[in-house]
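Participant: Dumping the structure here so I can ask a few things about it.
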Amino acid sequence: MWWEFRQWRRQWLNWALFALGFAVILGSYVYASNQAQQANAREYDTLLAESQQLADADKNLADQTQTEKVTKQRAAIQREQTIISRYGRALTGHRRNLLSHRLAYYRLLQHPAFPFSQRSATVIHQAITRDRYLQQHELVPRENVSALTPAAAFGRSQNAAVFLLILSLLVLQFGGLFARDWETGSIRLLLMLPQERQRLSRHKLGLALVIAGSELVLWSVFGYLLAAIRSGQRWGGAYPWRAVGTRIVTLNSVLLTNMLTIILVSTLVIVLLYWLSILLRDQFTVIVAMIAVLGSGALFFGEASTNLLAALNPFYQLGLSTHVGLRNVLVYGTLMGITDTALILAALVGGHFWWRKSTNLV
């Protein structure tokens, strides 16, 4: 294995791709931070629009004869405007009382005296469930934090695009590791060495898995330190990711399933590279074929988002952060793990069969 590693580390492209992985993590963090800021801005714009709608309604009522009914309507509008204004000021000022004002706002939307919001009943219920959870666990709303916590940063950045980029980097790094010996014909010389033939494949697979695992760990540590230093918080995984009915899906649940996803799918990709290299015997063709397989997964993104059977599709798992809140995380993760493990074993068996068949013909 050490000989293969020395050969691998001498190639500048592998180190360039390794450095590019840090750029992917940095870019995903910046993008996630911008998304969070834009979400706050959109929320404030919505509050402004709702406040303006109430102001217009109050102006129309002011032009009418001031009967007792009209007076009560205007008083109700003023109360609603007060609640909206308090929520808006707390949102933009990152005040400590944001949670109480936001909860008061959404409770108002449940039974408004003068309807003014376009938010659906589902959105209102989810927001109240989320804020009650925050109150019970004495958690600070993420809008009050100056930067994303590590858990929030990972949760927002672990999406299909980031996973595809990381897997593509692994394909570019290890595509040549398996196929180069077949492409150059050096496999004949290697098979003449006084060692078991199976050790050749085991060493290369082991090397690829060790390097890929080390890179994933280093990239993750970099992302964690970046978010932890900027936010001043160690983790923040207890924060709710989604409210599904009365159940809260926390960031810890999402990230645990995401971690399992990237480990299993990365292993599957490396094993498939090993299998394709024996079958195609050309480095460029192997890399193109594997990237095409990954890219084809984009055809499945967004399909069957409420169906647990989506866990049986390894490509669909790349969009996990977007859809995991709609499912039972434990059941989904179990199905996903079983599926990926079965695919890995199937690819290993297929690769072993083709290896024996191909080496016997050399």
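Labels for the structure tokens follow display order: chains A, B, ..., residues from 1 in each chain, ligands from 1.
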Compile the contact shell of range 101-103 of chain A as a PyMOL selection string: residues with an atom at most 12 Å away, counting only C-alpha atoms, same-chain residues fewer than 4 positions apart removed.
Facilitator: chain A and resi 43-44+47+80+82-91+94-97+107-110+124-135+141+143
Participant: Can you list every residue of range 48-165 of chain A that has an atom at most 7 Å from range 227-232 of chain A, with its nearest atom pair and the distance in Å to one decimal, using only C-alpha atoms, ordered by chain then number, as CSV?
Facilitator:
residue,atom,partner,partner_atom,distance
A:Ser146,CA,A:Ser231,CA,6.4
A:Ala147,CA,A:Ser231,CA,4.7
A:Leu148,CA,A:Ser231,CA,5.9
A:Thr149,CA,A:Ser231,CA,5.5
A:Pro150,CA,A:Ala227,CA,4.8
A:Ala153,CA,A:Ala227,CA,6.7
Participant: Could you save the residues just selected, with N, CA, C and O atoms, as a PDB file, in the first residue's frame?
Facilitator:
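Everything below was put into selection-v9.pdb:
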ATOM      1  N   SER A 146     -24.954  36.122  15.323  1.00  0.00           N
ATOM      2  CA  SER A 146     -24.296  36.927  14.290  1.00  0.00           C
ATOM      3  C   SER A 146     -23.832  36.093  13.106  1.00  0.00           C
ATOM      4  O   SER A 146     -23.724  36.591  11.991  1.00  0.00           O
ATOM      5  N   ALA A 147     -23.527  34.812  13.335  1.00  0.00           N
ATOM      6  CA  ALA A 147     -23.076  33.924  12.257  1.00  0.00           C
ATOM      7  C   ALA A 147     -23.661  32.539  12.490  1.00  0.00           C
ATOM      8  O   ALA A 147     -24.108  32.208  13.589  1.00  0.00           O
ATOM      9  N   LEU A 148     -23.662  31.729  11.450  1.00  0.00           N
ATOM     10  CA  LEU A 148     -24.225  30.383  11.543  1.00  0.00           C
ATOM     11  C   LEU A 148     -23.407  29.524  12.504  1.00  0.00           C
ATOM     12  O   LEU A 148     -22.176  29.542  12.473  1.00  0.00           O
ATOM     13  N   THR A 149     -24.097  28.766  13.336  1.00  0.00           N
ATOM     14  CA  THR A 149     -23.409  27.801  14.187  1.00  0.00           C
ATOM     15  C   THR A 149     -22.860  26.676  13.309  1.00  0.00           C
ATOM     16  O   THR A 149     -23.293  26.504  12.162  1.00  0.00           O
ATOM     17  N   PRO A 150     -21.901  25.886  13.815  1.00  0.00           N
ATOM     18  CA  PRO A 150     -21.380  24.780  12.995  1.00  0.00           C
ATOM     19  C   PRO A 150     -22.470  23.836  12.502  1.00  0.00           C
ATOM     20  O   PRO A 150     -22.469  23.432  11.334  1.00  0.00           O
ATOM     21  N   ALA A 153     -24.502  25.580   9.805  1.00  0.00           N
ATOM     22  CA  ALA A 153     -23.716  25.712   8.575  1.00  0.00           C
ATOM     23  C   ALA A 153     -23.655  24.388   7.826  1.00  0.00           C
ATOM     24  O   ALA A 153     -23.838  24.341   6.604  1.00  0.00           O
TER      25      ALA A 153
END
Participant: If DSSP is run on the backbone, what residues of range 99-265 of chain A are strand (DSSP E or B)? A reply as JSON, numbers by chain would be ideal.
Facilitator: {"A": [240, 241, 242, 243, 244, 247, 248, 249, 250]}
Participant: Name the residues of range 97-149 of chain A that come out as alpha helix (DSSP H) in a backbone DSSP run; write them as a ChimeraX atom specification.
Facilitator: /A:98-110,121-136
Participant: So that I can check the surroundings of Phe18 in chain A, please list as a ChimeraX atom specification every protein, DNA and RNA residue that reaches within 10 Å of it, counting only C-alpha atoms and ignoring chain neighbours fewer than 3 positions away.
Facilitator: /A:12-15,21-23,166,169-170,173,212,215-216,218-219
Participant: I need the residues from that last selection saved to file as a short mmCIF file (atom, residue, chain, number, x, y, z; two decimals), in the first residue's frame (with all heavy atoms), if you can.
Facilitator:
data_model
loop_
_atom_site.label_atom_id
_atom_site.label_comp_id
_atom_site.auth_asym_id
_atom_site.auth_seq_id
_atom_site.Cartn_x
_atom_site.Cartn_y
_atom_site.Cartn_z
N TRP A 12 0.68 16.09 -8.76
CA TRP A 12 0.24 17.40 -8.28
C TRP A 12 -1.27 17.57 -8.39
O TRP A 12 -1.88 18.30 -7.60
CB TRP A 12 0.94 18.51 -9.07
CG TRP A 12 0.56 18.54 -10.53
CD1 TRP A 12 1.18 17.91 -11.55
CD2 TRP A 12 -0.57 19.23 -11.10
NE1 TRP A 12 0.53 18.15 -12.74
CE2 TRP A 12 -0.54 18.96 -12.49
CE3 TRP A 12 -1.57 20.03 -10.58
CZ2 TRP A 12 -1.50 19.47 -13.36
CZ3 TRP A 12 -2.53 20.55 -11.44
CH2 TRP A 12 -2.48 20.27 -12.81
N LEU A 13 -1.89 16.89 -9.36
CA LEU A 13 -3.33 17.03 -9.53
C LEU A 13 -4.09 16.56 -8.30
O LEU A 13 -5.10 17.16 -7.91
CB LEU A 13 -3.79 16.24 -10.76
CG LEU A 13 -5.30 16.28 -11.06
CD1 LEU A 13 -5.76 17.71 -11.31
CD2 LEU A 13 -5.64 15.39 -12.25
N ASN A 14 -3.61 15.50 -7.67
CA ASN A 14 -4.29 15.00 -6.47
C ASN A 14 -4.26 16.04 -5.35
O ASN A 14 -5.25 16.22 -4.63
CB ASN A 14 -3.62 13.71 -6.00
CG ASN A 14 -3.84 12.57 -6.98
OD1 ASN A 14 -4.85 12.52 -7.67
ND2 ASN A 14 -2.87 11.66 -7.06
N TRP A 15 -3.13 16.72 -5.19
CA TRP A 15 -3.04 17.74 -4.15
C TRP A 15 -3.87 18.97 -4.51
O TRP A 15 -4.44 19.62 -3.63
CB TRP A 15 -1.58 18.13 -3.93
CG TRP A 15 -0.78 17.00 -3.35
CD1 TRP A 15 0.11 16.21 -4.00
CD2 TRP A 15 -0.83 16.53 -2.00
NE1 TRP A 15 0.63 15.26 -3.15
CE2 TRP A 15 0.07 15.44 -1.91
CE3 TRP A 15 -1.55 16.90 -0.87
CZ2 TRP A 15 0.27 14.73 -0.73
CZ3 TRP A 15 -1.34 16.20 0.32
CH2 TRP A 15 -0.44 15.14 0.38
N GLY A 21 -11.06 20.91 -2.46
CA GLY A 21 -12.09 20.49 -1.50
C GLY A 21 -12.31 21.53 -0.41
O GLY A 21 -13.45 21.78 0.00
N PHE A 22 -11.23 22.15 0.06
CA PHE A 22 -11.37 23.21 1.07
C PHE A 22 -12.11 24.41 0.48
O PHE A 22 -12.89 25.06 1.17
CB PHE A 22 -9.99 23.64 1.57
CG PHE A 22 -9.31 22.61 2.43
CD1 PHE A 22 -8.29 21.82 1.91
CD2 PHE A 22 -9.68 22.42 3.74
CE1 PHE A 22 -7.66 20.87 2.69
CE2 PHE A 22 -9.06 21.46 4.54
CZ PHE A 22 -8.05 20.69 4.00
N ALA A 23 -11.84 24.68 -0.81
CA ALA A 23 -12.54 25.79 -1.46
C ALA A 23 -14.04 25.49 -1.56
O ALA A 23 -14.88 26.40 -1.41
CB ALA A 23 -11.95 26.03 -2.85
N ILE A 166 -17.98 17.14 -4.09
CA ILE A 166 -17.03 16.35 -3.31
C ILE A 166 -16.81 14.98 -3.94
O ILE A 166 -15.68 14.50 -4.08
CB ILE A 166 -17.52 16.21 -1.86
CG1 ILE A 166 -17.42 17.57 -1.15
CG2 ILE A 166 -16.72 15.15 -1.10
CD1 ILE A 166 -17.96 17.57 0.26
N LEU A 169 -14.66 15.24 -6.98
CA LEU A 169 -13.24 15.36 -6.63
C LEU A 169 -12.64 13.99 -6.35
O LEU A 169 -11.51 13.69 -6.77
CB LEU A 169 -13.08 16.27 -5.41
CG LEU A 169 -13.43 17.75 -5.59
CD1 LEU A 169 -13.25 18.50 -4.28
CD2 LEU A 169 -12.59 18.39 -6.68
N LEU A 170 -13.39 13.16 -5.64
CA LEU A 170 -12.89 11.81 -5.34
C LEU A 170 -12.75 10.99 -6.62
O LEU A 170 -11.79 10.22 -6.78
CB LEU A 170 -13.84 11.11 -4.36
CG LEU A 170 -13.98 11.74 -2.97
CD1 LEU A 170 -14.93 10.93 -2.11
CD2 LEU A 170 -12.62 11.87 -2.29
N GLN A 173 -9.66 12.07 -8.40
CA GLN A 173 -8.45 11.66 -7.69
C GLN A 173 -8.14 10.18 -7.87
O GLN A 173 -6.99 9.79 -8.05
CB GLN A 173 -8.58 11.97 -6.20
CG GLN A 173 -8.32 13.42 -5.84
CD GLN A 173 -8.31 13.63 -4.34
OE1 GLN A 173 -9.12 13.05 -3.61
NE2 GLN A 173 -7.41 14.45 -3.86
N ALA A 212 -9.61 8.87 1.00
CA ALA A 212 -10.91 9.54 0.89
C ALA A 212 -11.47 9.85 2.28
O ALA A 212 -11.98 10.95 2.53
CB ALA A 212 -11.88 8.68 0.10
N GLU A 215 -9.54 12.74 3.81
CA GLU A 215 -9.90 14.02 3.20
C GLU A 215 -11.26 14.50 3.69
O GLU A 215 -11.43 15.69 4.00
CB GLU A 215 -9.90 13.88 1.68
CG GLU A 215 -8.52 13.74 1.09
CD GLU A 215 -8.54 13.64 -0.42
OE1 GLU A 215 -9.59 13.26 -0.98
OE2 GLU A 215 -7.51 13.96 -1.05
N LEU A 216 -12.22 13.60 3.79
CA LEU A 216 -13.54 13.99 4.28
C LEU A 216 -13.45 14.52 5.71
O LEU A 216 -14.13 15.50 6.07
CB LEU A 216 -14.50 12.80 4.20
CG LEU A 216 -14.93 12.37 2.80
CD1 LEU A 216 -15.78 11.10 2.88
CD2 LEU A 216 -15.72 13.47 2.10
N LEU A 218 -10.76 15.92 7.17
CA LEU A 218 -10.07 17.21 7.17
C LEU A 218 -10.97 18.32 6.63
O LEU A 218 -10.99 19.44 7.16
CB LEU A 218 -8.79 17.11 6.34
CG LEU A 218 -7.68 16.25 6.95
CD1 LEU A 218 -6.52 16.10 5.97
CD2 LEU A 218 -7.19 16.85 8.26
N TRP A 219 -11.71 18.04 5.57
CA TRP A 219 -12.64 19.04 5.03
C TRP A 219 -13.72 19.38 6.06
O TRP A 219 -14.09 20.54 6.21
CB TRP A 219 -13.28 18.53 3.74
CG TRP A 219 -12.32 18.43 2.59
CD1 TRP A 219 -11.17 19.15 2.42
CD2 TRP A 219 -12.42 17.57 1.46
NE1 TRP A 219 -10.54 18.79 1.25
CE2 TRP A 219 -11.29 17.82 0.63
CE3 TRP A 219 -13.34 16.61 1.05
CZ2 TRP A 219 -11.07 17.14 -0.57
CZ3 TRP A 219 -13.12 15.93 -0.15
CH2 TRP A 219 -12.00 16.20 -0.94
#
Participant: In Å, how far is it from CA of Gln35 in chain A to CA of Arg156 in chain A?
Facilitator: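 Atom-to-atom, CA of Gln35 in chain A and CA of Arg156 in chain A are spaced 8.6 Å apart.
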Participant: Of the residues A:Tyr31, A:Arg202, A:Arg42, A:Val171, which is the one nearest to Thr285 in chain A, using only C-alpha atoms?
Facilitator: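 Closest candidate: A:Val171.
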Participant: Looking at A:Ser157, A:Gly175, A:Leu207, A:Ala55, which one is nearest to Asp282 in chain A, with distances taken over only C-alpha atoms?
Facilitator: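 Among the listed residues, A:Gly175 lies closest to Asp282 in chain A.
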